[in-house]
Amino acid sequence: MNEKSMNKKPANEKPSAGEPILMDCEAFEKISQHLYRPDAAEAALCEAALTHAESCSHCAALLTEVEWLECSIRDMARRDAARRVSPRVESALLQEFRHQKAAATRRQIRWRLAALGAAAALLLALGFSMRKHSVVLPHSSPALEPNAAASHAQPAVTPARAPVQASVAAKVANAPATPARRQSAPSEMSDSEYASAFVPLPYADDSAAIDGGAIVRVVLSRSALASFGLPVDDFAGADPIQADLVVGVDGTPEAIRLVSQLNPSDEF
Amino acid sequence: MSGAELTDDGLLRRVIAGDEDAFTLLYRRRHPAIFRFALHMCGNAAVAEDVTQEVFMTLIRDAKRFDPARGTLPAFLFGVARNHLRKRWEQDRHSAPLLLEDDALANRLSIHGASGNGNGHGAPADSHDLFASLETIGRVRQAISTLPENYREAVVLCELEEMSYEEAAEALGCPVGTVRSRLHRGRALLLEKLREPQSVRRAAVGQ
């Protein structure tokens, strides 16, 4: 290789612009495998390598081998480019895709059901908690509200009248049950409720008027109860109180009884 | 689908959302390169098909494993294919790669050509060219299949798949300089492997 020793600058060092590239056999070998894939920066280097091969029989032989290998590999790549995967692979993949999609949908439904269950449990727990703290929600019908409002106008009754009311209450309790009364009889109350005896209202002095009336569940403020002549401990209390009113056939409230919710823990 | 949705990332998002058409499109776009890579790495069409199927099964089952910040989808798929191939090689460590169809054809032509020449009724010229071409391809394929794995990957991606150094580096998860040096060494080794039989044949023809 007489050409080998003739070069002054190693070709693997990047030449500066305009500087001639000196190529030797060693440098040619290094660049030979990249001659057909030159980077833009190596274009000048490849040019120098090809020029060198023209004057060096050893490098010319190597260049021939490299060209042959390049052609063979490209021929092989062309032939292999026509190879196709069997259609069964695509079928199997699509089947798996559908299977995974169905599984994901099932998982999503399970998650939603679990979330709904958790929300329902939370609501129940909240409801029990509110009930424990004796929070009573108003549920009287709007038609009764005027009656309750009207009763506000009644003069306040003094506690001294309580014994008289008790005797009248007994009269009300002993009165024959009419169909309307049976409809709202204490047996209709839920197990979690406790009701006092009916107390006749101050102007209901005729027990016959009670017959044929109806019992209506209302929620009244403490001041309204006081206006019915009932003893109220905490007059300023804001909690409404449930009560049953016996309403006569003419629509006049005749008697009243207090209803309270039993605390479940109190039953034991 | 719009242009943005036709990118690999757009299609993959739709695949994750359960769009079967997007998966079909993505598979048809990307599977040929994965199949050829597996084929050149293992030299067995059936194994290459299995590997291709496993690569896309991985995409179906665990598409969220692909992180666009870490590289392109083809690079990810080549990485999965490499892992599956390695698993295969570990399982079938002692099994030799099978001949591909054109290699088998070359062998048959070789036998036929030898007997034809012996009788004075040689094969036609185009058959001769085909034989030479297939024989050469068979030899190159054989030589590639015996390269060390790192060099083989570089040769397959850069030469057979015609990837740029940058693309190959991304697919192999190594620097561009490493790809260059592996390709250089791989090609040099290929020439060494291919030189010997040629010289032996030349000597036989000369006698």
# chains A, B, ... in the order shown; residues from 1 in each chain; ligands from 1
$ interface_residues --of "chain B" --to "chain A" --cutoff "9 Å" --atoms "only C-alpha atoms" --output "PyMOL selection string"
chain B and resi 17-18+20+23-24+27-28+31-33+35-36+39+45+48-50+52-53+56-57+60-61+133-134+136-138+140-141+159-162+164+180+183-185+187-188+190-191+194-195
$ residues_around --residues "segment 77-92 of chain B" --least-positions-apart "5" --cutoff "10 Å" --atoms "only C-alpha atoms" --output "ChimeraX atom specification"
/B:30-31,33-35,37-38,41-42,47-48,50-56,58-59,66,72,97,149,153,157,168,170-173
$ write_last_selection --atoms "C-alpha atoms" --output "PDB file, in the first residue's frame"
ATOM      1  CA  ARG B  30     -46.827   0.236  11.310  1.00  0.00           C
ATOM      2  CA  HIS B  31     -46.861  -3.538  11.139  1.00  0.00           C
ATOM      3  CA  ALA B  33     -41.700  -2.496   9.337  1.00  0.00           C
ATOM      4  CA  ILE B  34     -42.080  -4.382  12.622  1.00  0.00           C
ATOM      5  CA  PHE B  35     -42.627  -7.651  10.756  1.00  0.00           C
ATOM      6  CA  PHE B  37     -37.443  -6.166  11.463  1.00  0.00           C
ATOM      7  CA  ALA B  38     -38.470  -9.327  13.319  1.00  0.00           C
ATOM      8  CA  MET B  41     -33.579 -10.487  13.197  1.00  0.00           C
ATOM      9  CA  CYS B  42     -34.808 -14.072  13.551  1.00  0.00           C
ATOM     10  CA  VAL B  47     -41.731 -16.364  14.455  1.00  0.00           C
ATOM     11  CA  ALA B  48     -41.709 -12.883  12.923  1.00  0.00           C
ATOM     12  CA  ASP B  50     -45.861 -14.107  16.190  1.00  0.00           C
ATOM     13  CA  VAL B  51     -43.595 -11.299  17.342  1.00  0.00           C
ATOM     14  CA  THR B  52     -45.562  -8.764  15.266  1.00  0.00           C
ATOM     15  CA  GLN B  53     -48.784 -10.012  16.819  1.00  0.00           C
ATOM     16  CA  GLU B  54     -47.328  -9.795  20.328  1.00  0.00           C
ATOM     17  CA  VAL B  55     -46.110  -6.230  19.717  1.00  0.00           C
ATOM     18  CA  PHE B  56     -49.590  -5.044  18.783  1.00  0.00           C
ATOM     19  CA  THR B  58     -48.997  -5.130  23.938  1.00  0.00           C
ATOM     20  CA  LEU B  59     -50.280  -1.938  22.337  1.00  0.00           C
ATOM     21  CA  PHE B  66     -46.115   4.579  25.473  1.00  0.00           C
ATOM     22  CA  THR B  72     -41.870   8.179  18.741  1.00  0.00           C
ATOM     23  CA  PRO B  97     -33.043 -20.070  12.422  1.00  0.00           C
ATOM     24  CA  GLU B 149     -27.285  -8.939  17.865  1.00  0.00           C
ATOM     25  CA  GLU B 153     -29.995  -4.510  14.648  1.00  0.00           C
ATOM     26  CA  LEU B 157     -32.644  -0.828  10.627  1.00  0.00           C
ATOM     27  CA  ALA B 168     -32.263   4.015  14.262  1.00  0.00           C
ATOM     28  CA  GLU B 170     -34.161   6.393  18.673  1.00  0.00           C
ATOM     29  CA  ALA B 171     -35.454   2.902  17.936  1.00  0.00           C
ATOM     30  CA  LEU B 172     -32.466   1.253  19.576  1.00  0.00           C
ATOM     31  CA  GLY B 173     -32.287   3.715  22.458  1.00  0.00           C
TER      32      GLY B 173
END
$ closest_residue --among "A:Ile241, A:Cys71, A:Ala48, A:Cys59" --to "Ala226 of chain A" --atoms "only C-alpha atoms"
A:Ile241
$ atom_distance --atom1 "atom CA of Thr7 of chain B" --atom2 "atom CA of Leu26 of chain B"
9.1 Å
